[in-house]
Every structure is written in structure tokens, then in C-alpha cells.
Amino acid sequence: DWTMAEFRQTKIAEIREQVGTGRVICGLSGGVDSAVAAVLIHEAIGDQLTCVFVDHGLMRAGEADQVVSLFRGHYNIPLVHVNAETLFLSGLAGVTDPEAKRKFIGKTFIEVFESEAKKIGGAEFLAQGTLYPDVIESVSFTGGPSVTIKSHHNVGGLPERMNMKLVEPLRELFKDEVRDLGRELGLPDIFVGRHPFPGPGLAIRIPGEVTKERCDILRKADAIYLEEIRNAGLYDAIWQAFAVLLPVRSVGVMGDGRTYDSVLALRAVTSTDGMTAQAFEFPGGFLPRVATRVINEVKGVNRVTYDYTSKPPGTIEWE
Ligand code: XMP
């Protein structure tokens, strides 16, 4: 039996032992795991660590800024913030197939990361926020024994390609333990308690073609939905909640005019590990309130629906 305080000290000693005077690069995804790994490693070896945040422009409203200010401002950890929105969006132009989107984003992410790592130069270690479930289900936790349902976006293959050694201090932990460790390390609750967010980001929540305009519409709608969820005190009861911007337009009426705008789907699920999930049942009045706010406040959306599909047979994300 061990406490998180002991785990922290043990890992710090192990990291120092492994790395010595070497240099470490850590890719931040914007999520909890890579952030906790980076903060822990920084505590162990200080400025021998450099973090690289490849910002694909497909994050939610405010999330990229939150990562940058947390690392640079709060922890004073050296951070390279690569704004690659244009690169990602131009490559996604005309791409509508879900797997093609995932593959392009994964490949481009690795290319950008690799080129930044070369610029930093001289690092022989790569840090990753790999968790225990990633270790035991290293193929894909959404696929069955032989089918890939979705190609997961991760940095697998990168260490060999770059000839780097791995530093993976979270390999023995489950998600809830990573959250405890994050709190132990002083990460803000709002960051540590965040719902999971997929590597390919908003691109897989915009079925059809992904454009800057559609990302902006989705970011606004999604922010309203999450704000209402937080205000209702429901955020922590939900595993994941997000909006999906559909490639469908419907006719509506606003004031005394006709509208012909996009349809938005809201999704919220409960789950313990993401392998199975159930649609979350909101209290009465909640969804109509969100629908009204989204339609009034987000130009380009005139209809809102709720997704009641369980996993299986659905998946949590739409793509
Ligand atoms: P699905 O949609 O397969 O998602 O039911 C299960 C969980 O995995 C997340 N997800 C991803 N996470 N990279 C990630 O790190 C990915 O490419 C990816 N795709 C899906 C999803 O948000 C849900 O929590």
C-alpha cells in the first residue's frame, strides 16, 4: 500500500537515476496524462526537460491557452508552443473519410514534433504519459481482437524513429490515480478533472470536411454546452460531453425569416473506462435550455439534437 506522496518521491528518484544529466523532450497533448508526466519529470530534473506542444488548432475554446499559461506561467517549465493550425487545416481540406482524417493528423503531428525536437537538439530521452491501460491494450482499446475500429492518435513508433529512450513514469497508473497524482503535484482541479479529449481533436467531431469556419462554430457551441453542464453541477457525473457539428442543414424560422443552417448533435456519456458507455440522462429542462442558447448565440446552427446511442453499438466519438 502506497500513497501518492510516496509514489511521487519514488518516481522522482527513478527519473533522476534513469536520465542522469541527459536531456528529455515531452510532447504535451493538452490532456491530463502528458501534463502530469511533464510536471513530475520537471520536478525531478528541472530544465533538463523541454516540453513541446504541437497545437493543431483543433482544440476546444481556450484549451491551448490554458496549457501554455499553466506550463510557462504557473510552473515555469520551458515550453515550445508550435502553432500549426494552418498546416493541419490546409492538409484536412477536402478530406472527409474519418480514417483518412485520423491518419493525416497522426502523421503530421509526428512530423511537426520530430522537426521541433531536432531544433532543440541533443535530447536522448522522450517522455510520454503512457498509462497502465495503454500498456496492456497497446493495440487499440476500441478495436476487437482483430479489427481496428479507429486508428488512435498516439506517438507510437516515434521513439524508434527518433532513436530515443522512453521515460514513462505513469506506466503503473490508472486514470483516476493519474488525477490524484496531478492534484498532489498542484495541478488545478479544473485541469485534472477534465473529460478525456481525443488526439485528433475537433476534426473527428466535424463529420465531413473540416474547415476553420466549422471549427469556430463548433468551439462556440461546445463551450456553451459545457458551461451549462458546469453551471448545473453535472460535469463530474459525466465521463465525456461534447458537441458534434453535422454536415446537414435544416430549415428553420427565426424572427420572421427563414433560416437554412447546420444541425448540431449533443453527446454526453457515462462510462468507467471508455470501452462501454451509456447516454447520460439530463434532468428535465436542461437540454432545451442548451438548445435555445446555442441557436440564439451561435450563428450557423439552427437545430440541436441529442444522441442517445450506447457503446456498443455506437462509439463515443462519431468518427
Ligand atoms: P470511441 O469513440 O472509440 O472513444 O468510443 C473511446 C474513448 O477514446 C477517446 N478517443 C481517443 N483518444 N486518441 C485519444 O487519445 C484518439 O485518437 C482517440 N479517439 C477516441 C474518446 O474521446 C473516448 O474517450
# chains A, B, ... in the order shown; residues from 1 in each chain; ligands from 1
>>> closest_atom_pairs(of="chain A", to="ligand 1", cutoff="8 Å", atoms="only C-alpha atoms and all ligand atoms", output="CSV")
residue,atom,partner,partner_atom_place_in_ligand_line,distance
A:Arg102,CA,ligand 1,17 (O),7.0
A:Phe141,CA,ligand 1,3 (O),7.4
A:Thr142,CA,ligand 1,3 (O),4.8
A:Gly143,CA,ligand 1,3 (O),8.0
A:Ile149,CA,ligand 1,3 (O),7.3
A:Lys150,CA,ligand 1,3 (O),6.5
A:Ser151,CA,ligand 1,17 (O),6.3
A:His152,CA,ligand 1,17 (O),3.6
A:His153,CA,ligand 1,17 (O),3.8
A:Asn154,CA,ligand 1,13 (N),6.3
A:His195,CA,ligand 1,24 (O),7.9
A:Pro196,CA,ligand 1,24 (O),5.2
A:Phe197,CA,ligand 1,22 (O),5.0
A:Pro198,CA,ligand 1,12 (N),3.7
A:Gly199,CA,ligand 1,13 (N),4.1
A:Pro200,CA,ligand 1,17 (O),5.6
A:Trp239,CA,ligand 1,24 (O),8.0
A:Gln240,CA,ligand 1,24 (O),6.8
A:Gly274,CA,ligand 1,6 (C),4.8
A:Met275,CA,ligand 1,6 (C),6.3
A:Thr276,CA,ligand 1,5 (O),7.5
A:Ala277,CA,ligand 1,5 (O),7.9
A:Lys311,CA,ligand 1,5 (O),6.8
A:Gly314,CA,ligand 1,5 (O),7.3
A:Thr315,CA,ligand 1,5 (O),3.7
A:Ile316,CA,ligand 1,5 (O),3.7
A:Glu317,CA,ligand 1,2 (O),3.6
A:Trp318,CA,ligand 1,2 (O),6.4
A:Glu319,CA,ligand 1,2 (O),6.7
>>> write_last_selection(atoms="C-alpha atoms", output="compact mmCIF listing (two decimals), in the first residue's frame")
# COMPACT_ATOMS: atom_id res chain seq x y z
CA ARG A 102 -7.07 10.41 -38.24
CA PHE A 141 -8.90 -0.01 -26.84
CA THR A 142 -11.76 0.48 -29.24
CA GLY A 143 -10.91 -2.40 -31.53
CA ILE A 149 -12.41 0.38 -35.32
CA LYS A 150 -10.46 3.62 -35.23
CA SER A 151 -6.79 4.40 -35.67
CA HIS A 152 -5.80 6.01 -32.43
CA HIS A 153 -3.72 9.08 -32.48
CA ASN A 154 -0.64 8.46 -30.37
CA HIS A 195 -13.05 14.97 -19.52
CA PRO A 196 -10.93 12.92 -21.95
CA PHE A 197 -10.32 14.61 -25.29
CA PRO A 198 -9.28 12.69 -28.40
CA GLY A 199 -5.89 13.34 -30.01
CA PRO A 200 -7.40 14.28 -33.40
CA TRP A 239 -17.44 10.80 -18.38
CA GLN A 240 -17.42 12.91 -21.51
CA GLY A 274 -14.39 4.31 -22.31
CA MET A 275 -14.86 0.72 -23.53
CA THR A 276 -18.59 0.77 -22.94
CA ALA A 277 -20.76 3.81 -22.38
CA LYS A 311 -21.50 1.97 -26.79
CA GLY A 314 -22.18 3.18 -31.13
CA THR A 315 -18.78 4.55 -30.26
CA ILE A 316 -18.37 7.58 -28.03
CA GLU A 317 -16.96 9.81 -30.77
CA TRP A 318 -18.81 9.99 -34.08
CA GLU A 319 -15.69 9.26 -36.18
>>> select_by_dssp(residues="region 137-305 of chain A", states="helix (DSSP H, G or I)", output="count of residues only")
59
>>> residues_around(residues="Pro207 (chain A)", least_positions_apart="5", cutoff="8 Å", atoms="only C-alpha atoms", output="ChimeraX atom specification")
/A:96,98,244-247,318-319
>>> closest_residue(among="A:Val82, A:Ile120, A:Ala243, A:Val301", to="Thr259 (chain A)", atoms="only C-alpha atoms")
A:Val301
>>> residues_around(residues="Ala291 (chain A)", least_positions_apart="4", cutoff="10 Å", atoms="only C-alpha atoms", output="PyMOL selection string")
chain A and resi 221+224-225+264-266+286-287+295-297+301-306
>>> closest_residue(among="A:Glu124, A:Asp55, A:Glu14, A:Asp33", to="Gly201 (chain A)", atoms="only C-alpha atoms")
A:Asp55
>>> atom_distance(atom1="CA of Thr211 (chain A)", atom2="CA of Ser90 (chain A)")
8.6 Å
>>> closest_atom_pairs(of="region 210-279 of chain A", to="region 61-80 of chain A", cutoff="9 Å", atoms="only C-alpha atoms", output="tab-separated table")
residue	atom	partner	partner_atom	distance
A:Asp216	CA	A:Ala61	CA	8.6
A:Arg219	CA	A:Ala61	CA	5.4
A:Lys220	CA	A:Ala61	CA	7.2
A:Asp222	CA	A:Ala61	CA	8.1
A:Ala223	CA	A:Ala61	CA	6.5
>>> select_by_dssp(residues="region 10-135 of chain A", states="strand (DSSP E)", output="MDAnalysis selection string")
chainID A and resid 24:28 49:55 79:83 125:127
>>> atom_distance(atom1="CA of Pro283 (chain A)", atom2="CA of Val298 (chain A)")
23.4 Å
>>> closest_residue(among="A:Pro313, A:Val210, A:Lys11, A:Glu17", to="Glu85 (chain A)", atoms="only C-alpha atoms")
A:Val210
>>> atom_distance(atom1="CA of Ala38 (chain A)", atom2="CA of Arg179 (chain A)")
13.6 Å
>>> closest_residue(among="A:Leu49, A:Val95, A:Ala279, A:Leu87", to="Glu209 (chain A)", atoms="only C-alpha atoms")
A:Val95
>>> residues_around(residues="Glu177 (chain A)", least_positions_apart="3", cutoff="12 Å", atoms="only C-alpha atoms", output="PyMOL selection string")
chain A and resi 2-5+7-8+32-33+36+131-133+170-174+180-184+192-193
>>> closest_residue(among="A:Ile217, A:Ile110, A:Ile45, A:Leu28", to="Leu158 (chain A)", atoms="only C-alpha atoms")
A:Ile110
